[in-house]
$ cat model-v1.tsv   # TSV, C-alpha atoms and all ligand atoms
chain	number	residue	atom	x	y	z
A	8	MET	CA	202.44	126.78	54.79
A	9	THR	CA	198.71	126.01	54.60
A	10	ALA	CA	197.65	122.74	53.03
A	11	ARG	CA	196.18	124.65	50.12
A	12	ALA	CA	199.35	126.57	49.33
A	13	GLN	CA	201.28	123.32	49.67
A	14	ASN	CA	198.94	121.84	47.05
A	15	LEU	CA	200.04	124.38	44.50
A	16	VAL	CA	203.62	123.34	45.09
A	17	GLU	CA	202.68	119.65	45.02
A	18	GLY	CA	200.88	119.96	41.72
A	19	ALA	CA	203.66	121.85	39.94
A	20	GLY	CA	204.97	118.94	37.84
A	21	LEU	CA	201.53	117.61	36.99
A	22	VAL	CA	198.69	118.24	34.54
A	23	PRO	CA	195.67	120.10	35.98
A	24	VAL	CA	192.46	118.08	35.80
A	25	SER	CA	190.35	119.99	38.33
A	26	GLU	CA	190.98	122.91	40.72
A	27	ASP	CA	188.16	122.18	43.15
A	28	PRO	CA	188.51	119.43	44.16
A	29	PHE	CA	192.25	119.55	43.56
A	30	CYS	CA	193.16	116.86	41.00
A	31	ARG	CA	196.30	116.44	38.95
A	32	GLU	CA	197.47	113.71	36.62
A	33	ALA	CA	200.98	112.70	35.57
A	34	ARG	CA	202.43	113.26	32.11
A	35	LEU	CA	203.09	109.79	30.71
A	36	GLY	CA	206.53	110.82	29.46
A	37	THR	CA	207.58	111.73	33.03
A	38	LEU	CA	206.75	108.22	34.28
A	39	ASP	CA	210.18	106.84	33.52
A	40	SER	CA	211.29	105.09	36.71
A	41	LEU	CA	209.89	102.25	38.80
A	42	ILE	CA	209.27	104.70	41.65
A	43	THR	CA	207.46	107.90	40.71
A	44	PRO	CA	209.06	110.89	42.46
A	45	THR	CA	206.47	112.31	44.88
A	46	GLU	CA	206.19	115.62	42.97
A	47	ARG	CA	205.16	113.66	39.85
A	48	PHE	CA	202.66	111.40	41.64
A	49	TYR	CA	199.05	112.06	40.57
A	50	ILE	CA	196.62	113.57	43.09
A	51	ARG	CA	192.91	112.77	43.33
A	52	ASN	CA	190.86	114.55	46.02
A	53	HIS	CA	187.06	114.61	46.34
A	54	PHE	CA	186.49	117.73	48.43
A	55	HIS	CA	187.55	121.35	48.46
A	56	GLU	CA	189.16	120.82	51.85
A	57	VAL	CA	192.61	119.28	52.17
A	58	PRO	CA	192.88	118.36	55.88
A	59	ASP	CA	195.59	120.32	57.67
A	60	ILE	CA	196.41	117.94	60.52
A	61	ASP	CA	198.78	118.83	63.36
A	62	PRO	CA	200.77	115.60	63.89
A	63	ARG	CA	200.93	116.25	67.65
A	64	ASP	CA	197.13	116.17	67.93
A	65	TYR	CA	196.68	113.31	65.50
A	66	ARG	CA	194.95	110.12	66.65
A	67	LEU	CA	193.92	107.01	64.75
A	68	THR	CA	190.94	105.44	66.52
A	69	ILE	CA	189.91	101.80	66.12
A	70	ASP	CA	186.39	101.12	67.37
A	71	GLY	CA	183.34	99.02	66.49
A	72	LEU	CA	183.48	95.23	66.89
A	73	VAL	CA	186.81	95.08	68.70
A	74	ARG	CA	187.68	93.78	72.18
A	75	LYS	CA	189.97	96.72	72.95
A	76	PRO	CA	189.19	100.05	71.21
A	77	LEU	CA	192.44	101.88	70.44
A	78	SER	CA	193.49	105.50	70.06
A	79	LEU	CA	196.96	105.59	68.52
A	80	SER	CA	199.28	108.57	68.16
A	81	LEU	CA	201.75	108.88	65.30
A	82	ASP	CA	204.53	107.92	67.75
A	83	ASP	CA	202.59	104.77	68.73
A	84	LEU	CA	202.39	103.80	65.07
A	85	THR	CA	206.01	104.53	64.16
A	86	ALA	CA	207.15	102.54	67.22
A	87	MET	CA	205.56	99.40	65.78
A	88	PRO	CA	207.46	97.09	63.35
A	89	SER	CA	207.34	98.68	59.89
A	90	THR	CA	206.69	97.29	56.41
A	91	ASP	CA	208.07	98.66	53.13
A	92	LEU	CA	206.33	98.02	49.83
A	93	VAL	CA	206.39	99.34	46.28
A	94	VAL	CA	202.74	99.92	45.44
A	95	THR	CA	201.13	101.31	42.29
A	96	LEU	CA	197.97	103.38	42.71
A	97	GLU	CA	195.68	103.77	39.72
A	98	CYS	CA	192.54	105.89	39.92
A	99	ALA	CA	189.42	104.02	38.81
A	100	GLY	CA	188.79	107.03	36.53
A	101	ASN	CA	192.14	106.72	34.77
A	102	SER	CA	191.76	106.68	30.94
A	103	ARG	CA	188.13	107.79	31.31
A	104	SER	CA	188.48	110.35	28.48
A	105	PHE	CA	188.84	107.53	25.97
A	106	ILE	CA	185.53	105.80	26.83
A	107	THR	CA	182.78	106.05	24.22
A	108	PRO	CA	180.09	107.23	24.49
A	109	PRO	CA	181.53	109.84	26.89
A	110	ALA	CA	181.37	108.93	30.56
A	111	GLU	CA	180.50	111.05	33.60
A	112	GLY	CA	183.37	112.24	35.82
A	113	LEU	CA	186.73	114.02	35.76
A	114	ALA	CA	188.33	113.84	32.32
A	115	PHE	CA	191.48	111.91	33.15
A	116	LYS	CA	193.65	110.85	30.26
A	117	HIS	CA	196.12	108.04	31.04
A	118	GLY	CA	198.10	109.75	33.82
A	119	ALA	CA	196.07	108.98	36.95
A	120	ILE	CA	198.58	106.31	37.88
A	121	SER	CA	201.85	106.41	39.82
A	122	THR	CA	204.01	104.20	42.03
A	123	ALA	CA	205.66	104.91	45.36
A	124	GLN	CA	207.69	103.18	48.00
A	125	TRP	CA	205.37	103.20	51.02
A	126	ARG	CA	206.37	102.60	54.64
A	127	GLY	CA	204.01	102.01	57.49
A	128	VAL	CA	202.53	99.37	59.76
A	129	SER	CA	200.52	96.41	58.63
A	130	LEU	CA	196.77	96.94	58.97
A	131	ALA	CA	196.36	93.30	60.05
A	132	SER	CA	198.66	93.80	63.04
A	133	VAL	CA	196.75	96.89	64.22
A	134	LEU	CA	193.44	94.99	63.86
A	135	ASN	CA	195.02	92.13	65.80
A	136	ASN	CA	196.09	94.44	68.61
A	137	ALA	CA	192.51	95.72	68.87
A	138	GLY	CA	191.20	92.14	68.94
A	139	LEU	CA	188.52	91.35	66.37
A	140	LYS	CA	185.16	90.10	67.66
A	141	ASP	CA	183.08	87.43	65.91
A	142	GLY	CA	180.70	88.25	63.08
A	143	ILE	CA	182.71	91.01	61.38
A	144	LYS	CA	181.96	91.29	57.67
A	145	GLU	CA	183.58	94.57	56.67
A	146	VAL	CA	186.14	97.04	57.96
A	147	VAL	CA	185.21	100.70	57.38
A	148	PHE	CA	187.86	103.42	56.99
A	149	HIS	CA	187.20	107.14	57.45
A	150	GLY	CA	189.32	110.05	56.25
A	151	ALA	CA	189.38	113.48	57.94
A	152	ASP	CA	188.14	115.24	54.77
A	153	HIS	CA	184.50	116.07	54.27
A	154	GLY	CA	182.28	118.29	52.19
A	155	GLU	CA	179.23	118.41	49.95
A	156	GLU	CA	178.19	116.07	47.19
A	157	GLU	CA	175.03	116.31	45.15
A	158	GLU	CA	172.94	113.26	44.36
A	159	HIS	CA	169.56	113.32	42.59
A	160	GLY	CA	169.40	117.09	43.20
A	161	ARG	CA	169.93	116.75	46.96
A	162	LYS	CA	172.98	118.11	48.75
A	163	LEU	CA	174.67	115.69	51.12
A	164	ASP	CA	177.28	116.59	53.76
A	165	ILE	CA	179.58	113.59	53.86
A	166	ASP	CA	183.08	112.42	54.71
A	167	TYR	CA	185.36	110.14	52.71
A	168	GLY	CA	184.58	106.62	53.87
A	169	ARG	CA	185.28	103.26	52.28
A	170	SER	CA	185.05	99.66	53.43
A	171	LEU	CA	186.93	96.46	52.66
A	172	PRO	CA	185.58	92.93	53.10
A	173	LEU	CA	187.18	91.39	56.25
A	174	GLU	CA	189.12	88.74	54.31
A	175	ILE	CA	190.74	91.48	52.18
A	176	ALA	CA	191.43	93.72	55.20
A	177	LEU	CA	193.46	90.91	56.80
A	178	ASP	CA	195.90	90.78	53.84
A	179	PRO	CA	199.29	91.36	55.50
A	180	ASN	CA	200.38	93.59	52.57
A	181	ILE	CA	197.84	96.33	53.29
A	182	ILE	CA	199.64	99.14	55.08
A	183	LEU	CA	198.80	102.14	57.19
A	184	ALA	CA	201.44	104.30	55.56
A	185	TYR	CA	203.14	107.30	57.17
A	186	GLU	CA	205.99	107.56	54.63
A	187	MET	CA	206.04	107.89	50.85
A	188	ASN	CA	209.40	107.62	49.05
A	189	GLY	CA	211.34	107.94	52.30
A	190	GLN	CA	209.62	111.14	53.50
A	191	PRO	CA	206.54	111.81	55.62
A	192	LEU	CA	203.39	111.86	53.45
A	193	THR	CA	202.71	115.26	51.88
A	194	PRO	CA	199.38	117.01	52.69
A	195	GLY	CA	197.97	116.12	49.24
A	196	HIS	CA	198.78	112.44	49.62
A	197	GLY	CA	197.15	112.03	53.04
A	198	PHE	CA	199.46	113.35	55.80
A	199	PRO	CA	199.95	112.03	58.39
A	200	LEU	CA	198.52	108.55	57.66
A	201	ARG	CA	196.83	106.78	54.79
A	202	LEU	CA	195.74	103.31	53.84
A	203	VAL	CA	197.58	101.67	50.93
A	204	VAL	CA	195.74	98.69	49.41
A	205	PRO	CA	197.97	96.89	46.88
A	206	GLY	CA	196.18	95.55	43.79
A	207	TRP	CA	193.05	97.68	44.22
A	208	PHE	CA	191.95	100.82	42.42
A	209	GLY	CA	193.04	103.98	44.24
A	210	MET	CA	189.70	104.80	45.91
A	211	ALA	CA	190.40	102.04	48.48
A	212	SER	CA	193.58	103.74	49.72
A	213	VAL	CA	191.90	106.19	52.12
A	214	LYS	CA	193.98	109.34	52.81
A	215	TRP	CA	194.05	111.35	56.08
A	216	LEU	CA	192.93	108.16	57.81
A	217	THR	CA	191.47	108.84	61.29
A	218	ASN	CA	189.14	105.94	62.10
A	219	ILE	CA	188.94	102.18	61.48
A	220	HIS	CA	185.62	100.51	62.25
A	221	PRO	CA	185.08	96.74	61.94
A	222	THR	CA	181.36	96.01	61.60
A	223	ASP	CA	178.91	93.16	60.92
A	224	GLU	CA	176.85	95.35	58.57
A	225	PRO	CA	177.42	96.29	54.96
A	226	TYR	CA	178.74	99.86	54.67
A	227	HIS	CA	176.45	102.14	52.66
A	228	GLY	CA	178.60	105.30	52.45
A	229	PHE	CA	178.40	107.57	49.40
A	230	PHE	CA	181.80	106.51	48.01
A	231	GLN	CA	180.91	102.85	48.56
A	232	LYS	CA	177.42	102.62	47.06
A	233	ARG	CA	176.86	105.75	44.92
A	234	ARG	CA	180.36	105.96	43.49
A	235	TYR	CA	182.81	103.22	42.50
A	236	VAL	CA	180.05	100.89	41.31
A	237	TYR	CA	179.55	99.86	37.70
A	238	ILE	CA	176.40	101.47	36.30
A	239	ASN	CA	175.43	99.88	33.01
A	240	GLU	CA	173.08	101.02	30.28
A	241	GLY	CA	169.38	100.25	30.65
A	242	THR	CA	167.13	99.35	33.55
A	243	GLU	CA	168.88	97.80	36.49
A	244	ASN	CA	168.49	96.61	40.04
A	245	VAL	CA	170.46	99.28	41.94
A	246	ALA	CA	171.19	96.85	44.80
A	247	GLU	CA	172.98	94.55	42.39
A	248	ARG	CA	175.48	97.07	41.05
A	249	GLN	CA	178.95	95.53	41.10
A	250	PRO	CA	181.61	97.36	43.11
A	251	VAL	CA	184.87	98.57	41.56
A	252	SER	CA	187.60	96.67	43.41
A	253	ALA	CA	190.78	94.99	42.10
A	254	LEU	CA	192.87	96.57	39.35
A	255	LYS	CA	192.29	95.24	35.84
A	256	VAL	CA	195.21	93.96	33.77
A	257	LYS	CA	196.62	96.97	31.93
A	258	SER	CA	199.71	98.51	30.36
A	259	LEU	CA	200.76	101.92	29.12
A	260	ILE	CA	203.36	103.10	26.65
A	261	THR	CA	205.30	105.91	28.34
A	262	HIS	CA	207.97	106.30	25.60
A	263	PRO	CA	207.40	107.45	22.94
A	264	ARG	CA	204.58	109.92	23.59
A	265	HIS	CA	201.56	110.00	21.32
A	266	GLY	CA	202.46	112.34	18.45
A	267	GLU	CA	206.23	112.15	19.03
A	268	VAL	CA	208.59	112.56	16.09
A	269	ILE	CA	211.28	109.86	16.17
A	270	GLN	CA	214.47	110.32	14.14
A	271	PRO	CA	215.59	107.31	12.05
A	272	GLY	CA	217.71	104.89	14.07
A	273	PRO	CA	217.32	102.59	17.07
A	274	TYR	CA	214.60	103.42	19.61
A	275	THR	CA	213.49	101.66	22.80
A	276	VAL	CA	209.72	101.54	23.23
A	277	ARG	CA	208.88	101.24	26.94
A	278	GLY	CA	206.25	101.49	29.59
A	279	PHE	CA	204.65	99.71	32.55
A	280	ALA	CA	202.18	96.88	33.05
A	281	TRP	CA	200.18	95.79	36.11
A	282	SER	CA	197.24	93.69	37.27
A	283	GLY	CA	195.26	93.17	40.46
A	284	ALA	CA	194.84	89.48	39.65
A	285	GLY	CA	198.47	88.35	39.88
A	286	GLU	CA	201.66	89.32	38.12
A	287	VAL	CA	201.74	90.40	34.48
A	288	ALA	CA	203.11	87.34	32.64
A	289	LYS	CA	203.43	88.66	29.08
A	290	LEU	CA	203.59	92.01	27.31
A	291	ASP	CA	203.08	92.20	23.56
A	292	VAL	CA	203.79	95.26	21.45
A	293	SER	CA	202.55	96.05	17.97
A	294	VAL	CA	204.25	98.72	15.85
A	295	ASN	CA	201.78	98.30	12.97
A	296	GLY	CA	198.36	98.98	14.46
A	297	GLY	CA	197.77	95.45	15.72
A	298	LYS	CA	198.59	93.51	12.52
A	299	SER	CA	201.44	91.68	14.24
A	300	TRP	CA	202.78	91.53	17.78
A	301	ARG	CA	206.22	91.10	19.35
A	302	LYS	CA	207.00	90.01	22.89
A	303	ALA	CA	208.58	92.77	24.97
A	304	LYS	CA	211.14	92.25	27.73
A	305	LEU	CA	209.15	92.42	30.96
A	306	GLU	CA	210.56	92.83	34.48
A	307	ARG	CA	209.28	90.81	37.41
A	308	ALA	CA	207.26	92.79	40.00
A	309	ALA	CA	209.30	94.27	42.88
A	310	ASN	CA	206.51	92.86	45.07
A	311	SER	CA	202.85	92.10	44.58
A	312	GLY	CA	201.04	95.39	43.86
A	313	ALA	CA	203.94	97.04	41.98
A	314	TRP	CA	203.78	97.80	38.28
A	315	GLN	CA	206.33	96.11	36.02
A	316	PRO	CA	208.59	97.97	33.56
A	317	TRP	CA	208.78	96.57	30.01
A	318	GLU	CA	210.72	97.51	26.88
A	319	LEU	CA	211.08	96.58	23.24
A	320	PRO	CA	213.88	97.66	20.88
A	321	TRP	CA	212.64	99.10	17.57
A	322	GLN	CA	214.39	100.35	14.45
A	323	ALA	CA	212.91	103.50	12.97
A	324	THR	CA	213.90	103.07	9.31
A	325	ASP	CA	211.27	104.03	6.75
A	326	PRO	CA	209.71	107.47	7.10
A	327	GLY	CA	205.99	107.45	7.81
A	328	HIS	CA	203.37	107.23	10.54
A	329	TYR	CA	203.20	104.25	12.89
A	330	VAL	CA	200.53	103.06	15.31
A	331	PHE	CA	201.97	101.48	18.47
A	332	MET	CA	199.99	99.30	20.86
A	333	ALA	CA	200.80	97.48	24.11
A	334	ARG	CA	198.84	94.49	25.40
A	335	ALA	CA	199.37	92.84	28.79
A	336	THR	CA	198.37	89.32	29.86
A	337	ASP	CA	198.39	88.44	33.57
A	338	SER	CA	199.19	85.15	35.32
A	339	ALA	CA	195.45	84.47	35.72
A	340	GLY	CA	195.10	84.60	31.90
A	341	ASN	CA	193.34	88.00	31.70
A	342	VAL	CA	194.22	89.92	28.53
A	343	GLN	CA	193.64	93.60	27.79
A	344	PRO	CA	190.69	94.08	25.42
A	345	ARG	CA	190.57	96.37	22.35
A	346	THR	CA	187.56	98.16	23.83
A	347	VAL	CA	185.80	97.94	27.18
A	348	PRO	CA	182.06	97.70	27.84
A	349	TRP	CA	180.69	101.19	28.53
A	350	ASN	CA	179.75	102.15	32.08
A	351	PHE	CA	178.16	105.45	33.13
A	352	ARG	CA	181.12	106.72	35.18
A	353	GLY	CA	183.76	105.31	32.88
A	354	TYR	CA	185.53	103.27	35.54
A	355	ALA	CA	188.33	100.80	34.97
A	356	ASN	CA	189.13	101.45	31.31
A	357	ASN	CA	191.87	98.93	30.57
A	358	ALA	CA	191.55	98.97	26.78
A	359	ILE	CA	194.80	98.48	24.85
A	360	HIS	CA	196.83	101.72	24.83
A	361	THR	CA	197.26	102.96	21.26
A	362	ILE	CA	199.45	105.85	20.10
A	363	ALA	CA	200.62	107.20	16.76
A	364	ILE	CA	204.15	108.43	16.05
A	365	GLU	CA	206.01	109.84	13.06
A	366	VAL	CA	209.38	109.07	11.49
A	367	PRO	CA	210.08	112.20	9.41
A	368	PHE	CA	211.25	112.43	5.81
A	369	THR	CA	214.82	113.70	5.96
B	401	LIG	N1	190.25	110.66	52.42
B	401	LIG	C1	190.33	110.50	51.09
B	401	LIG	N2	190.99	109.43	50.61
B	401	LIG	C2	191.11	109.23	49.29
B	401	LIG	C3	190.49	110.11	48.36
B	401	LIG	C4	189.81	111.24	48.89
B	401	LIG	O1	189.29	112.09	48.16
B	401	LIG	N3	189.76	111.40	50.26
B	401	LIG	N4	190.58	109.84	47.01
B	401	LIG	C5	190.79	108.43	46.65
B	401	LIG	C6	191.04	108.20	45.24
B	401	LIG	S1	189.68	108.12	44.24
B	401	LIG	C7	192.30	107.91	44.77
B	401	LIG	S2	192.52	107.51	43.15
B	401	LIG	C8	193.48	107.97	45.65
B	401	LIG	C9	194.48	108.97	45.11
B	401	LIG	O2	195.61	109.03	45.92
B	401	LIG	P1	196.68	110.19	45.65
B	401	LIG	O3	195.98	111.50	45.64
B	401	LIG	O4	197.70	110.06	46.72
B	401	LIG	O5	197.27	109.89	44.30
B	401	LIG	O6	193.15	108.36	46.97
B	401	LIG	C10	191.94	107.83	47.46
B	401	LIG	N5	191.80	108.16	48.85
B	402	MO	MO	190.36	107.53	42.17

$ encode --input "model-v1.tsv" --output "structure tokens" --more "lines below"
Ligand SMILES: Nc1nc2c(c(=O)[nH]1)N[C@H]1C(S)=C(S)[C@@H](COP(=O)(O)O)O[C@H]1N2
Ligand SMILES: [Mo]
Amino acid sequence: MTARAQNLVEGAGLVPVSEDPFCREARLGTLDSLITPTERFYIRNHFHEVPDIDPRDYRLTIDGLVRKPLSLSLDDLTAMPSTDLVVTLECAGNSRSFITPPAEGLAFKHGAISTAQWRGVSLASVLNNAGLKDGIKEVVFHGADHGEEEEHGRKLDIDYGRSLPLEIALDPNIILAYEMNGQPLTPGHGFPLRLVVPGWFGMASVKWLTNIHPTDEPYHGFFQKRRYVYINEGTENVAERQPVSALKVKSLITHPRHGEVIQPGPYTVRGFAWSGAGEVAKLDVSVNGGKSWRKAKLERAANSGAWQPWELPWQATDPGHYVFMARATDSAGNVQPRTVPWNFRGYANNAIHTIAIEVPFT
């Protein structure tokens, strides 16, 4: 099957956001387990092309400021000691549709988030094997996908490249993943190898990874400097734009759905919470539009970088319409805001999730 036909299969359980590039988001109501089944895991591509890589020809090269440049086959990688981690990926454009005034970019609702069990080798150990030279500031990662992007009316032919500061790249929890939920990666999720960066927005987790390049220079690639930077209103110094990096503290209500009709009786409100600045320490729920809050039962994280399930029992008694909200606080003291400051591309919207439900007259 070609990668493109496979995509159609992969996207079957998801909500279409864009056909070209191929992007799909999850339905919140289907996010009901710690691990998102692969067929319900959101997909965010940037180019028309989905690389169709023959695993026998595949090589991961490590070059740049290293003592021993490497060219690793898939067998070389799977022969190394492996790491298993539960990691949540959230697209920086998740919840973009709810930014006001409207923001530029794909109109994701709240479903550009999912969690998988990833298996692979630690990035730090591969960098170690290559031997890092002095003076490295960033490590650049390149994917096999490329295509055209337009900027200021000019067409650019580019690949998908991203960098991490060296001190982040050495985090032992960053993995070069070859398995997702116990199976080889699917074409849409980066087969045969992708980076998985726990606690960062999804753009850092480069798919179809083919090259790792430690360097002493700042990386100026399109997806590093033109995208995934906060662009604020008004005049600005372009060089000082802040990069999008660690996940913001956030939570979502997955049950009930917005607009759901709940029959009188007991109901368990539930969802997930996460943060890139430590564990989520507290999850408050309001069932009256923010007038009062109750503490939900919150699970500990499976490991750092995994979202945390929460739930709150509720009694649907009086018929009427109810506004539910969820508000997470992380261990660093960050709390979800009611509204976020606007930015041109609508990145990192972690405003309190608010839904309305109905208890019908019987
Ligand atoms: N090579 C490559 N890597 C990529 C992308 C891409 O378009 N090309 N998209 C990034 C973005 S913006 C996100 S949110 C995640 C999405 O991963 P998923 O499609 O497996 O959910 O992959 C990231 N890695
Ligand atoms: Mo993304």

$ closest_atom_pairs --input "model-v1.tsv" --of "chain A" --to "ligand MO 402 (chain B)" --cutoff "10 Å" --atoms "all atoms listed in the file" --output "CSV"
residue,atom,partner,partner_atom,distance
A:Cys30,CA,B:MO402,MO,9.8
A:Tyr49,CA,B:MO402,MO,9.9
A:Ile50,CA,B:MO402,MO,8.7
A:Arg51,CA,B:MO402,MO,5.9
A:Asn52,CA,B:MO402,MO,8.0
A:His53,CA,B:MO402,MO,8.9
A:Leu96,CA,B:MO402,MO,8.7
A:Glu97,CA,B:MO402,MO,7.0
A:Cys98,CA,B:MO402,MO,3.5
A:Ala99,CA,B:MO402,MO,4.9
A:Gly100,CA,B:MO402,MO,5.9
A:Asn101,CA,B:MO402,MO,7.7
A:Leu113,CA,B:MO402,MO,9.8
A:Ala119,CA,B:MO402,MO,7.9
A:Ile120,CA,B:MO402,MO,9.4
A:Phe208,CA,B:MO402,MO,6.9
A:Gly209,CA,B:MO402,MO,4.9
A:Met210,CA,B:MO402,MO,4.7
A:Ala211,CA,B:MO402,MO,8.4
A:Ser212,CA,B:MO402,MO,9.0
A:Tyr235,CA,B:MO402,MO,8.7
A:Tyr354,CA,B:MO402,MO,9.2

$ residues_around --input "model-v1.tsv" --residues "Pro179 of chain A" --least-positions-apart "4" --cutoff "9 Å" --atoms "only C-alpha atoms" --output "number ranges by chain"
A: 129-132

$ write_last_selection --input "model-v1.tsv" --atoms "C-alpha atoms" --output "JSON list (two decimals), keeping the file's coordinate frame"
[["chain", "number", "residue", "atom", "x", "y", "z"],
["A", 129, "SER", "CA", 200.52, 96.41, 58.63],
["A", 130, "LEU", "CA", 196.77, 96.94, 58.97],
["A", 131, "ALA", "CA", 196.36, 93.30, 60.05],
["A", 132, "SER", "CA", 198.66, 93.80, 63.04]]

$ residues_around --input "model-v1.tsv" --residues "Ala358 of chain A" --least-positions-apart "3" --cutoff "12 Å" --atoms "all atoms listed in the file" --output "number ranges by chain"
A: 101-107, 117, 255-259, 332-335, 342-349, 353-355, 361

$ atom_distance --input "model-v1.tsv" --atom1 "atom CA of Pro326 of chain A" --atom2 "atom CA of Pro263 of chain A"
16.0 Å

$ residues_near_point --input "model-v1.tsv" --point "(207.8, 105.7, 63.0)" --cutoff "12 Å" --atoms "only C-alpha atoms" --output "list in words"
Ser80, Leu81, Asp82, Asp83, Leu84, Thr85, Ala86, Met87, Pro88, Ser89, Thr90, Arg126, Gly127, Val128, Leu183, Ala184, Tyr185, Glu186, Gly189, Gln190, Pro191, Pro199 and Leu200 of chain A

$ closest_residue --input "model-v1.tsv" --among "A:Asp64, A:Glu26, A:Asp39, A:Glu56" --to "ligand LIG 401 (chain B)" --atoms "all atoms listed in the file"
A:Glu56

$ residues_near_point --input "model-v1.tsv" --point "(182.6, 105.1, 45.3)" --cutoff "9 Å" --atoms "all atoms listed in the file" --output "PyMOL selection string"
chain A and resi 168-169+210-211+228-236+250-251

$ axis_aligned_box --input "model-v1.tsv" --around "segment 358-365 of chain A" --padding-each-side "8 Å" --output "JSON"
{"center_x": 198.8, "center_y": 104.2, "center_z": 19.9, "size_x": 30.5, "size_y": 27.4, "size_z": 29.7}

$ residues_around --input "model-v1.tsv" --residues "Ser78 of chain A" --least-positions-apart "4" --cutoff "6 Å" --atoms "all atoms listed in the file" --output "list in words"
Arg66, Leu67 and Thr68 of chain A

$ closest_residue --input "model-v1.tsv" --among "A:Thr336, A:Lys304, A:Val268, A:Val276" --to "Gln322 of chain A" --atoms "only C-alpha atoms"
A:Val276

$ closest_residue --input "model-v1.tsv" --among "A:Ile238, A:Val287, A:Val213, A:Leu139" --to "ligand LIG 401 (chain B)" --atoms "only C-alpha atoms and all ligand atoms"
A:Val213

$ closest_residue --input "model-v1.tsv" --among "A:Ile42, A:Ala151, A:Ile143, A:Val133" --to "ligand LIG 401 (chain B)" --atoms "all atoms listed in the file"
A:Ala151

$ closest_residue --input "model-v1.tsv" --among "A:Ala363, A:Val330, A:Leu192, A:Ala280" --to "ligand LIG 401 (chain B)" --atoms "all atoms listed in the file"
A:Leu192

$ residues_around --input "model-v1.tsv" --residues "Leu92 of chain A" --least-positions-apart "2" --cutoff "10 Å" --atoms "only C-alpha atoms" --output "number ranges by chain"
A: 90, 94-95, 123-127, 180-182, 184, 187, 203, 205, 309-313

$ closest_residue --input "model-v1.tsv" --among "A:Ile269, A:Leu202, A:Ala308, A:Leu173" --to "ligand LIG 401 (chain B)" --atoms "all atoms listed in the file"
A:Leu202

$ atom_distance --input "model-v1.tsv" --atom1 "atom CA of Ala33 of chain A" --atom2 "atom CA of Asp61 of chain A"
28.5 Å

$ atom_distance --input "model-v1.tsv" --atom1 "atom CA of Asn135 of chain A" --atom2 "atom CA of Asp91 of chain A"
19.3 Å

$ decode --input "model-v1.tsv" --residues "segment 343-361 of chain A" --atoms "C-alpha atoms" --output "PDB file, in the first residue's frame"
ATOM      1  CA  GLN A 343      -4.825  27.799  33.331  1.00  0.00           C
ATOM      2  CA  PRO A 344      -6.117  31.281  32.459  1.00  0.00           C
ATOM      3  CA  ARG A 345      -9.683  32.207  31.415  1.00  0.00           C
ATOM      4  CA  THR A 346      -8.324  33.688  28.187  1.00  0.00           C
ATOM      5  CA  VAL A 347      -4.884  33.753  26.604  1.00  0.00           C
ATOM      6  CA  PRO A 348      -3.071  36.725  25.074  1.00  0.00           C
ATOM      7  CA  TRP A 349      -3.650  36.740  21.307  1.00  0.00           C
ATOM      8  CA  ASN A 350      -0.825  35.722  18.988  1.00  0.00           C
ATOM      9  CA  PHE A 351      -0.952  35.809  15.177  1.00  0.00           C
ATOM     10  CA  ARG A 352      -0.728  32.037  14.655  1.00  0.00           C
ATOM     11  CA  GLY A 353      -2.830  31.147  17.663  1.00  0.00           C
ATOM     12  CA  TYR A 354      -0.225  28.928  19.298  1.00  0.00           C
ATOM     13  CA  ALA A 355      -0.445  27.376  22.742  1.00  0.00           C
ATOM     14  CA  ASN A 356      -4.052  28.180  23.652  1.00  0.00           C
ATOM     15  CA  ASN A 357      -4.370  26.774  27.169  1.00  0.00           C
ATOM     16  CA  ALA A 358      -7.459  28.744  28.192  1.00  0.00           C
ATOM     17  CA  ILE A 359      -9.854  26.935  30.545  1.00  0.00           C
ATOM     18  CA  HIS A 360     -11.963  24.407  28.606  1.00  0.00           C
ATOM     19  CA  THR A 361     -15.642  25.337  28.839  1.00  0.00           C
TER      20      THR A 361
END
